[in-house]
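Okay, input-v9.tsv is below, TSV, C-alpha atoms (C1' of nucleotides):
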```
chain	number	residue	atom	x	y	z
A	13	MET	CA	3.55	-15.87	10.37
A	14	SER	CA	4.10	-16.41	6.64
A	15	GLU	CA	2.70	-19.93	6.69
A	16	HIS	CA	-0.19	-19.03	4.47
A	17	MET	CA	-1.32	-15.71	3.11
A	18	ASP	CA	-4.51	-14.81	1.33
A	19	PHE	CA	-5.51	-11.62	-0.43
A	20	ASP	CA	-7.06	-10.00	2.62
A	21	ALA	CA	-4.11	-10.76	4.83
A	22	VAL	CA	-1.77	-9.18	2.29
A	23	ILE	CA	-3.92	-6.08	1.96
A	24	ASP	CA	-4.22	-5.72	5.74
A	25	ALA	CA	-0.48	-5.91	6.12
A	26	TRP	CA	0.03	-3.50	3.26
A	27	ARG	CA	-2.41	-0.99	4.74
A	28	ARG	CA	-0.65	-1.09	8.08
A	29	GLY	CA	2.74	-0.49	6.49
A	30	ALA	CA	1.88	1.70	3.53
A	31	ALA	CA	1.70	5.10	5.19
A	32	MET	CA	5.17	4.78	6.58
A	33	SER	CA	6.58	3.24	3.48
A	34	VAL	CA	5.44	5.29	0.55
A	35	GLU	CA	5.67	8.68	2.15
A	36	SER	CA	8.94	8.42	4.01
A	37	VAL	CA	12.13	9.06	2.14
A	38	GLY	CA	13.76	5.75	2.86
A	39	CYS	CA	11.03	3.17	2.62
A	40	PRO	CA	12.83	0.01	3.68
A	41	VAL	CA	10.57	-2.29	1.72
A	42	ARG	CA	10.97	-0.38	-1.50
A	43	GLY	CA	14.69	-0.26	-0.96
A	44	VAL	CA	14.90	-3.98	-0.51
A	45	LEU	CA	12.64	-4.75	-3.43
A	46	ASP	CA	14.51	-2.43	-5.73
A	47	LYS	CA	17.66	-4.34	-4.97
A	48	ILE	CA	16.04	-7.71	-5.43
A	49	SER	CA	14.40	-6.79	-8.65
A	50	ASP	CA	17.44	-5.99	-10.71
A	51	LYS	CA	18.09	-8.00	-13.82
A	52	TRP	CA	20.16	-10.82	-12.32
A	53	SER	CA	19.78	-11.07	-8.52
A	54	MET	CA	16.83	-13.42	-8.46
A	55	LEU	CA	18.34	-15.68	-11.07
A	56	LEU	CA	21.58	-15.95	-9.13
A	57	VAL	CA	19.81	-16.63	-5.86
A	58	MET	CA	17.74	-19.38	-7.43
A	59	ASN	CA	20.77	-20.96	-9.06
A	60	LEU	CA	22.74	-20.89	-5.83
A	61	ALA	CA	19.71	-22.35	-4.08
A	62	THR	CA	20.13	-25.56	-6.03
A	63	LYS	CA	23.75	-25.87	-4.89
A	64	PRO	CA	26.76	-23.72	-4.02
A	65	MET	CA	28.76	-22.87	-7.10
A	66	ARG	CA	31.98	-21.38	-8.28
A	67	PHE	CA	32.34	-18.32	-10.45
A	68	ASN	CA	32.71	-19.94	-13.82
A	69	GLN	CA	30.18	-22.57	-12.96
A	70	LEU	CA	27.63	-19.80	-12.54
A	71	ARG	CA	28.65	-18.32	-15.86
A	72	ARG	CA	27.92	-21.63	-17.53
A	73	GLU	CA	24.56	-21.91	-15.81
A	74	ILE	CA	23.57	-18.44	-16.98
A	75	PRO	CA	25.17	-18.11	-20.39
A	76	ASP	CA	23.86	-14.65	-21.12
A	77	ILE	CA	25.24	-12.89	-18.08
A	78	SER	CA	28.38	-10.87	-18.67
A	79	GLN	CA	31.41	-11.29	-16.47
A	80	LYS	CA	30.98	-7.77	-15.23
A	81	MET	CA	27.39	-8.22	-14.15
A	82	LEU	CA	28.10	-11.57	-12.55
A	83	THR	CA	30.86	-10.09	-10.41
A	84	GLN	CA	28.86	-7.00	-9.63
A	85	THR	CA	25.67	-8.82	-8.70
A	86	LEU	CA	27.51	-11.37	-6.58
A	87	ARG	CA	29.22	-8.53	-4.70
A	88	GLU	CA	25.90	-6.89	-3.98
A	89	LEU	CA	24.35	-10.12	-2.82
A	90	GLU	CA	27.36	-10.65	-0.59
A	91	ARG	CA	27.14	-7.11	0.71
A	92	ASP	CA	23.48	-7.59	1.54
A	93	GLY	CA	24.22	-10.78	3.43
A	94	LEU	CA	22.42	-13.09	1.03
A	95	VAL	CA	25.50	-14.85	-0.27
A	96	VAL	CA	28.82	-15.91	1.26
A	97	ARG	CA	32.00	-15.93	-0.75
A	98	THR	CA	34.57	-18.50	0.29
A	99	VAL	CA	38.06	-18.49	-1.17
A	100	TYR	CA	40.00	-21.74	-1.21
A	101	PRO	CA	43.70	-20.94	-1.51
A	102	THR	CA	44.37	-23.54	-4.16
A	103	LYS	CA	46.42	-22.80	-7.22
A	104	PRO	CA	44.74	-21.33	-9.17
A	105	PRO	CA	42.37	-20.10	-6.49
A	106	SER	CA	38.84	-21.38	-6.42
A	107	VAL	CA	36.00	-19.34	-5.02
A	108	GLU	CA	32.71	-20.76	-3.92
A	109	TYR	CA	29.47	-18.84	-3.61
A	110	ALA	CA	26.66	-20.11	-1.41
A	111	LEU	CA	23.45	-18.74	0.02
A	112	THR	CA	23.41	-17.62	3.64
A	113	ASP	CA	20.43	-18.38	5.85
A	114	LEU	CA	19.06	-15.02	4.83
A	115	GLY	CA	19.52	-15.94	1.20
A	116	VAL	CA	17.81	-19.27	1.74
A	117	SER	CA	14.88	-17.52	3.37
A	118	LEU	CA	14.33	-15.58	0.17
A	119	VAL	CA	13.89	-18.69	-1.95
A	120	VAL	CA	10.32	-19.40	-0.90
A	121	PRO	CA	9.01	-15.88	-1.62
A	122	PHE	CA	10.77	-16.06	-4.98
A	123	GLY	CA	9.19	-19.46	-5.47
A	124	TYR	CA	5.71	-18.01	-5.24
A	125	LEU	CA	6.55	-15.38	-7.80
A	126	ILE	CA	8.13	-17.89	-10.16
A	127	ALA	CA	5.16	-20.21	-9.80
A	128	TRP	CA	2.87	-17.33	-10.64
A	129	ALA	CA	4.93	-16.50	-13.71
A	130	ASN	CA	4.89	-20.12	-14.83
A	131	GLN	CA	1.15	-20.35	-14.43
A	132	ASN	CA	0.29	-17.04	-16.05
A	133	HIS	CA	2.76	-16.09	-18.72
A	134	ALA	CA	0.46	-17.50	-21.38
A	135	ARG	CA	-2.38	-15.30	-20.18
A	136	ILE	CA	-0.07	-12.30	-20.29
A	137	ASP	CA	0.98	-13.13	-23.83
A	138	ASP	CA	-2.65	-13.44	-24.83
A	139	ALA	CA	-3.57	-10.17	-23.19
A	140	ARG	CA	-0.70	-8.46	-24.90
A	141	ALA	CA	-1.56	-9.88	-28.31
A	142	GLN	CA	-5.13	-8.75	-27.91
A	143	PHE	CA	-4.15	-5.30	-26.68
A	144	ASP	CA	-1.75	-4.80	-29.55
A	145	GLY	CA	-4.24	-6.17	-32.04
A	146	VAL	CA	-7.04	-3.88	-30.93
A	147	GLU	CA	-4.77	-0.90	-30.85
A	148	ALA	CA	-3.50	-1.63	-34.35
A	149	ALA	CA	-7.03	-1.96	-35.75
B	2	MET	CA	-1.13	-25.99	-6.03
B	3	SER	CA	0.38	-22.85	-4.49
B	4	GLU	CA	-1.31	-23.42	-1.17
B	5	HIS	CA	1.94	-23.84	0.67
B	6	MET	CA	5.49	-24.02	-0.59
B	7	ASP	CA	8.62	-24.96	1.23
B	8	PHE	CA	12.24	-24.75	0.13
B	9	ASP	CA	12.38	-28.22	-1.38
B	10	ALA	CA	9.18	-27.76	-3.33
B	11	VAL	CA	10.52	-24.53	-4.80
B	12	ILE	CA	13.81	-26.11	-5.76
B	13	ASP	CA	12.11	-29.11	-7.31
B	14	ALA	CA	9.93	-26.88	-9.42
B	15	TRP	CA	12.91	-24.75	-10.36
B	16	ARG	CA	14.94	-27.76	-11.43
B	17	ARG	CA	12.16	-29.04	-13.62
B	18	GLY	CA	11.77	-25.66	-15.33
B	19	ALA	CA	15.31	-24.32	-15.33
B	20	ALA	CA	16.72	-26.09	-18.35
B	21	MET	CA	14.01	-24.75	-20.59
B	22	SER	CA	14.04	-21.34	-19.06
B	23	VAL	CA	17.60	-20.17	-18.79
B	24	GLU	CA	18.87	-21.66	-21.99
B	25	SER	CA	16.07	-20.81	-24.37
B	26	VAL	CA	16.02	-17.38	-25.90
B	27	GLY	CA	12.59	-16.39	-24.66
B	28	CYS	CA	12.34	-17.72	-21.16
B	29	PRO	CA	8.75	-16.90	-20.25
B	30	VAL	CA	9.44	-16.70	-16.55
B	31	ARG	CA	12.31	-14.31	-16.96
B	32	GLY	CA	10.26	-12.24	-19.33
B	33	VAL	CA	7.43	-11.96	-16.86
B	34	LEU	CA	9.68	-11.24	-13.94
B	35	ASP	CA	11.59	-8.59	-15.81
B	36	LYS	CA	8.33	-6.79	-16.44
B	37	ILE	CA	7.17	-7.13	-12.88
B	38	SER	CA	10.41	-5.95	-11.44
B	39	ASP	CA	10.56	-2.50	-12.91
B	40	LYS	CA	10.60	0.45	-10.59
B	41	TRP	CA	6.87	1.06	-10.27
B	42	SER	CA	4.77	-1.94	-11.33
B	43	MET	CA	4.62	-3.67	-7.99
B	44	LEU	CA	3.83	-0.47	-6.16
B	45	LEU	CA	0.97	0.30	-8.53
B	46	VAL	CA	-0.45	-3.20	-8.31
B	47	MET	CA	-0.38	-3.07	-4.52
B	48	ASN	CA	-2.02	0.34	-4.43
B	49	LEU	CA	-4.74	-0.73	-6.83
B	50	ALA	CA	-5.22	-3.85	-4.76
B	51	THR	CA	-6.47	-1.74	-1.88
B	52	LYS	CA	-9.09	-0.14	-4.12
B	53	PRO	CA	-9.62	0.98	-7.72
B	54	MET	CA	-8.30	4.47	-8.28
B	55	ARG	CA	-8.24	7.32	-10.71
B	56	PHE	CA	-5.17	8.77	-12.32
B	57	ASN	CA	-4.53	11.69	-10.02
B	58	GLN	CA	-5.54	9.68	-7.01
B	59	LEU	CA	-2.67	7.33	-7.78
B	60	ARG	CA	-0.33	10.27	-8.13
B	61	ARG	CA	-1.25	11.41	-4.66
B	62	GLU	CA	-0.76	7.93	-3.24
B	63	ILE	CA	2.69	7.70	-4.79
B	64	PRO	CA	4.03	11.23	-4.58
B	65	ASP	CA	7.40	10.46	-6.10
B	66	ILE	CA	6.22	8.95	-9.36
B	67	SER	CA	6.36	11.24	-12.35
B	68	GLN	CA	3.37	11.71	-14.60
B	69	LYS	CA	5.25	10.09	-17.41
B	70	MET	CA	6.10	6.94	-15.51
B	71	LEU	CA	2.61	6.65	-14.08
B	72	THR	CA	1.06	6.74	-17.53
B	73	GLN	CA	3.67	4.45	-18.97
B	74	THR	CA	3.51	1.87	-16.21
B	75	LEU	CA	-0.29	1.84	-16.20
B	76	ARG	CA	-0.28	1.26	-19.96
B	77	GLU	CA	2.06	-1.68	-19.58
B	78	LEU	CA	0.00	-3.18	-16.80
B	79	GLU	CA	-3.09	-2.74	-18.95
B	80	ARG	CA	-1.35	-4.27	-21.93
B	81	ASP	CA	-0.32	-7.28	-19.85
B	82	GLY	CA	-3.88	-7.77	-18.66
B	83	LEU	CA	-3.19	-6.93	-15.02
B	84	VAL	CA	-5.16	-3.70	-14.96
B	85	VAL	CA	-8.35	-2.48	-16.63
B	86	ARG	CA	-8.79	1.12	-17.62
B	87	THR	CA	-12.37	2.39	-17.58
B	88	VAL	CA	-13.24	5.79	-18.98
B	89	TYR	CA	-16.35	7.51	-17.67
B	90	PRO	CA	-17.48	10.11	-20.20
B	91	THR	CA	-18.05	12.81	-17.65
B	92	LYS	CA	-16.86	16.34	-18.15
B	93	PRO	CA	-13.97	16.47	-17.55
B	94	PRO	CA	-13.48	12.79	-18.18
B	95	SER	CA	-12.65	10.53	-15.26
B	96	VAL	CA	-10.67	7.34	-15.72
B	97	GLU	CA	-10.62	4.52	-13.25
B	98	TYR	CA	-7.92	1.89	-12.96
B	99	ALA	CA	-8.62	-1.44	-11.32
B	100	LEU	CA	-6.93	-4.81	-11.08
B	101	THR	CA	-8.17	-7.62	-13.29
B	102	ASP	CA	-8.47	-11.15	-11.91
B	103	LEU	CA	-4.98	-11.74	-13.20
B	104	GLY	CA	-3.79	-8.65	-11.38
B	105	VAL	CA	-5.47	-9.76	-8.19
B	106	SER	CA	-3.78	-13.15	-8.46
B	107	LEU	CA	-0.43	-11.40	-8.33
B	108	VAL	CA	-1.10	-9.76	-5.00
B	109	VAL	CA	-0.43	-12.83	-2.87
B	110	PRO	CA	2.98	-13.61	-4.43
B	111	PHE	CA	3.87	-9.96	-3.99
B	112	GLY	CA	2.65	-10.22	-0.43
B	113	TYR	CA	5.18	-12.91	0.37
B	114	LEU	CA	7.96	-10.80	-1.03
B	115	ILE	CA	6.85	-7.70	0.83
B	116	ALA	CA	6.53	-9.66	4.05
B	117	TRP	CA	10.05	-10.95	3.56
B	118	ALA	CA	11.33	-7.42	2.97
B	119	ASN	CA	9.55	-6.18	6.09
B	120	GLN	CA	10.99	-8.93	8.19
B	121	ASN	CA	14.54	-8.74	6.89
B	122	HIS	CA	15.46	-5.23	5.84
B	123	ALA	CA	17.12	-4.66	9.19
B	124	ARG	CA	19.31	-7.72	8.70
B	125	ILE	CA	20.23	-6.47	5.26
B	126	ASP	CA	21.16	-3.07	6.64
B	127	ASP	CA	23.30	-4.72	9.28
B	128	ALA	CA	25.02	-6.95	6.77
B	129	ARG	CA	25.70	-3.99	4.57
B	130	ALA	CA	27.09	-1.89	7.40
B	131	GLN	CA	29.37	-4.72	8.43
B	132	PHE	CA	30.51	-5.40	4.87
B	133	ASP	CA	31.27	-1.75	4.27
B	134	GLY	CA	32.98	-1.43	7.63
B	135	VAL	CA	35.24	-4.40	7.09
B	136	GLU	CA	36.09	-3.32	3.59
B	137	ALA	CA	36.96	0.18	4.79
B	138	ALA	CA	39.22	-1.14	7.54
C	29	DC	C1'	-8.94	15.65	-15.15
C	30	DA	C1'	-6.07	12.81	-17.71
C	31	DG	C1'	-3.22	12.67	-20.39
C	32	DT	C1'	0.96	13.58	-24.85
C	33	DA	C1'	5.24	15.27	-26.43
C	34	DT	C1'	9.95	16.67	-25.96
C	35	DC	C1'	14.35	17.23	-23.90
C	36	DC	C1'	17.98	15.53	-21.52
C	37	DC	C1'	20.73	13.45	-17.96
C	38	DA	C1'	22.26	9.46	-15.32
C	39	DA	C1'	22.42	4.75	-14.53
C	40	DG	C1'	22.52	0.03	-16.46
C	41	DG	C1'	24.96	-3.06	-18.57
C	42	DG	C1'	27.50	-5.41	-22.72
C	43	DA	C1'	32.21	-6.00	-25.10
C	44	DT	C1'	36.81	-6.11	-24.79
C	45	DA	C1'	41.31	-6.18	-22.81
C	46	DC	C1'	44.27	-7.01	-18.98
C	47	DT	C1'	45.99	-9.36	-14.19
C	48	DG	C1'	47.39	-12.14	-9.81
D	26	DC	C1'	40.36	-19.58	-12.20
D	27	DA	C1'	38.50	-15.45	-10.77
D	28	DG	C1'	38.49	-11.56	-11.23
D	29	DT	C1'	39.53	-5.62	-12.51
D	30	DA	C1'	39.45	-1.81	-15.55
D	31	DT	C1'	37.78	0.83	-19.54
D	32	DC	C1'	35.00	2.10	-23.15
D	33	DC	C1'	30.74	3.19	-24.86
D	34	DC	C1'	26.06	2.54	-26.19
D	35	DT	C1'	21.33	2.00	-24.76
D	36	DT	C1'	17.57	2.44	-21.63
D	37	DG	C1'	15.16	4.39	-17.69
D	38	DG	C1'	13.16	7.96	-16.12
D	39	DG	C1'	12.71	13.00	-14.27
D	40	DA	C1'	11.41	17.93	-15.64
D	41	DT	C1'	8.88	20.80	-18.27
D	42	DA	C1'	5.50	22.35	-21.46
D	43	DC	C1'	1.33	21.65	-23.95
D	44	DT	C1'	-3.77	19.55	-25.10
D	45	DG	C1'	-8.77	17.66	-25.43
```
As structure tokens, please, write out the structure in this file.
Amino acid sequence: MSEHMDFDAVIDAWRRGAAMSVESVGCPVRGVLDKISDKWSMLLVMNLATKPMRFNQLRREIPDISQKMLTQTLRELERDGLVVRTVYPTKPPSVEYALTDLGVSLVVPFGYLIAWANQNHARIDDARAQFDGVEAA
Amino acid sequence: MSEHMDFDAVIDAWRRGAAMSVESVGCPVRGVLDKISDKWSMLLVMNLATKPMRFNQLRREIPDISQKMLTQTLRELERDGLVVRTVYPTKPPSVEYALTDLGVSLVVPFGYLIAWANQNHARIDDARAQFDGVEAA
DNA sequence: CAGTATCCCAAGGGATACTG
DNA sequence: CAGTATCCCTTGGGATACTG
């Protein structure tokens, strides 16, 4: 499974899972995707995918994340089993963050989404410009 | 491109694009992904992928979306060129929403993410239970 | 049917200051 | 270095009421 998907395969899978998911109170897929789709999770996962990093190293890689959100997002990723936090008892302590196997497994799905965004952001910008232009006329 | 991706291919692509994306003010990828990752966009796209639908039909499919958010999210999807809105001048008017080609092209990337969520939400729940258990001990 | 408009609360998240 | 703790503003988004 998951080697290659086309439109019909996705729709088939969605149809089989949709009844359970949308209606039930705790749709697992929506829960997972809500977590994944916060402002910083994907960016952190992708950065840690390139190599394990320490706290302040991540801050430098993502200059516009606040300390609070970096800590908070890393904790959530750790809690969800996507990231491991390893403390080396040096002085001052150094802490390394790395993806778990589960975290690694998320990189490819993210990759498809990122590739899509790379390929299509220009079309989105165009569509938006046209929509706004027409509406303003 | 995009036929099949593995971890290394994703990382390579990420490395080539990362410098431009994270540092620059308007990273197109982050912009796109922020839009996509709001609470309802993906769910609407997936529902419209199964078939074009009218406004109240969508409300029934997604019982927990408010009228406000349905309108708002549909407008944004339309603005971004992912959805077309067609008004049939019947009485009372009926309005059909359908994916554009661009919208359709997003279904497969979403499919990978949804498949991942389906396959791994149990592992996430376990990780979370263990994390919370250890922390409480 | 397919919306708009308003109110309002709760969560998200940045800035700043402090700590082992 | 790697955080915690607070403050506070902004945004997301639900509830309700109204309209062509």
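For the pair atom CA of A:Lys51 and atom CA of B:Gly32, the interatomic distance is 10.5 Å.
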Output as JSON lines one row per residue of chain A within 7 Å of chain B: the closest atom pair and its distance in Å to one decimal place, counting all atoms listed in the file, sorted by chain and residue number ascending.
```
{"residue": "A:His16", "atom": "CA", "partner": "B:His5", "partner_atom": "CA", "distance": 6.5}
{"residue": "A:Met17", "atom": "CA", "partner": "B:Val109", "partner_atom": "CA", "distance": 6.7}
{"residue": "A:Asp18", "atom": "CA", "partner": "B:Val109", "partner_atom": "CA", "distance": 6.2}
{"residue": "A:Phe19", "atom": "CA", "partner": "B:Val109", "partner_atom": "CA", "distance": 5.8}
{"residue": "A:Val22", "atom": "CA", "partner": "B:Gly112", "partner_atom": "CA", "distance": 5.3}
{"residue": "A:Ile23", "atom": "CA", "partner": "B:Thr51", "partner_atom": "CA", "distance": 6.3}
{"residue": "A:Val34", "atom": "CA", "partner": "B:Ile63", "partner_atom": "CA", "distance": 6.5}
{"residue": "A:Pro40", "atom": "CA", "partner": "B:His122", "partner_atom": "CA", "distance": 6.2}
{"residue": "A:Val41", "atom": "CA", "partner": "B:Ala118", "partner_atom": "CA", "distance": 5.3}
{"residue": "A:Val44", "atom": "CA", "partner": "B:Ala118", "partner_atom": "CA", "distance": 6.1}
{"residue": "A:Asp46", "atom": "CA", "partner": "B:Lys40", "partner_atom": "CA", "distance": 6.9}
{"residue": "A:Ser49", "atom": "CA", "partner": "B:Ser38", "partner_atom": "CA", "distance": 4.9}
{"residue": "A:Lys51", "atom": "CA", "partner": "B:Asp35", "partner_atom": "CA", "distance": 6.8}
{"residue": "A:Thr62", "atom": "CA", "partner": "B:Ile12", "partner_atom": "CA", "distance": 6.3}
{"residue": "A:Ile74", "atom": "CA", "partner": "B:Val23", "partner_atom": "CA", "distance": 6.5}
{"residue": "A:Arg91", "atom": "CA", "partner": "B:Arg129", "partner_atom": "CA", "distance": 5.2}
{"residue": "A:Asp92", "atom": "CA", "partner": "B:Ile125", "partner_atom": "CA", "distance": 5.1}
{"residue": "A:Gly93", "atom": "CA", "partner": "B:Ala128", "partner_atom": "CA", "distance": 5.1}
{"residue": "A:Val119", "atom": "CA", "partner": "B:Phe8", "partner_atom": "CA", "distance": 6.6}
{"residue": "A:Val120", "atom": "CA", "partner": "B:Phe8", "partner_atom": "CA", "distance": 5.8}
{"residue": "A:Pro121", "atom": "CA", "partner": "B:Leu114", "partner_atom": "CA", "distance": 5.2}
{"residue": "A:Gly123", "atom": "CA", "partner": "B:Val11", "partner_atom": "CA", "distance": 5.3}
{"residue": "A:Tyr124", "atom": "CA", "partner": "B:Pro110", "partner_atom": "CA", "distance": 5.2}
{"residue": "A:Leu125", "atom": "CA", "partner": "B:Pro110", "partner_atom": "CA", "distance": 5.2}
{"residue": "A:Ile126", "atom": "CA", "partner": "B:Val30", "partner_atom": "CA", "distance": 6.6}
{"residue": "A:Ala129", "atom": "CA", "partner": "B:Val30", "partner_atom": "CA", "distance": 5.3}
{"residue": "A:Asn130", "atom": "CA", "partner": "B:Val30", "partner_atom": "CA", "distance": 5.9}
{"residue": "A:His133", "atom": "CA", "partner": "B:Pro29", "partner_atom": "CA", "distance": 6.2}
{"residue": "A:Ile136", "atom": "CA", "partner": "B:Asp81", "partner_atom": "CA", "distance": 5.0}
{"residue": "A:Ala139", "atom": "CA", "partner": "B:Gly82", "partner_atom": "CA", "distance": 5.1}
{"residue": "A:Arg140", "atom": "CA", "partner": "B:Arg80", "partner_atom": "CA", "distance": 5.2}
{"residue": "A:Phe143", "atom": "CA", "partner": "B:Arg80", "partner_atom": "CA", "distance": 5.6}
```
For chain A against chain C, which residues fall within 12 Å using only C-alpha atoms (C1' of nucleotides), given as a CSV table (one decimal) with C-alpha atoms, in the frame of the given file?
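Saved file part_15.csv follows:
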```
chain,number,residue,atom,x,y,z
A,50,ASP,CA,17.4,-6.0,-10.7
A,51,LYS,CA,18.1,-8.0,-13.8
A,52,TRP,CA,20.2,-10.8,-12.3
A,76,ASP,CA,23.9,-14.6,-21.1
A,77,ILE,CA,25.2,-12.9,-18.1
A,78,SER,CA,28.4,-10.9,-18.7
A,79,GLN,CA,31.4,-11.3,-16.5
A,80,LYS,CA,31.0,-7.8,-15.2
A,81,MET,CA,27.4,-8.2,-14.2
A,82,LEU,CA,28.1,-11.6,-12.6
A,84,GLN,CA,28.9,-7.0,-9.6
A,85,THR,CA,25.7,-8.8,-8.7
A,103,LYS,CA,46.4,-22.8,-7.2
A,104,PRO,CA,44.7,-21.3,-9.2
A,105,PRO,CA,42.4,-20.1,-6.5
```
Distance in Å - atom C1' of D:DG37 versus atom CA of B:Arg86: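 We find that atom C1' of D:DG37 and atom CA of B:Arg86 lie 24.2 Å from each other.
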Proximal residues of chain D relative to chain A (all atoms listed in the file; 8 Å) as number ranges by chain: D: 26-28
Would you compute an axis-aligned box for stretch 30-44 of chain C, covering every atom listed for it in the file with 6 Å of margin on each side, and report centre and edge lengths in Å to one decimal as lines of an AutoDock Vina configuration file?
```
center_x = 15.4
center_y = 5.6
center_z = -20.5
size_x = 54.9
size_y = 35.3
size_z = 23.9
```
Using all atoms listed in the file: which of B:Gly134, B:Tyr89, B:Ser42, B:Tyr98 has the shortest distance to B:Leu59: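 Residue with the minimum atom-to-atom distance to B:Leu59: B:Tyr98.
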One-decimal distance in Å that lies between atom CA of A:Arg87 and atom C1' of D:DA30: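 Taking atom C1' of D:DA30 as the start and atom CA of A:Arg87 as the end point, the length is 16.4 Å.
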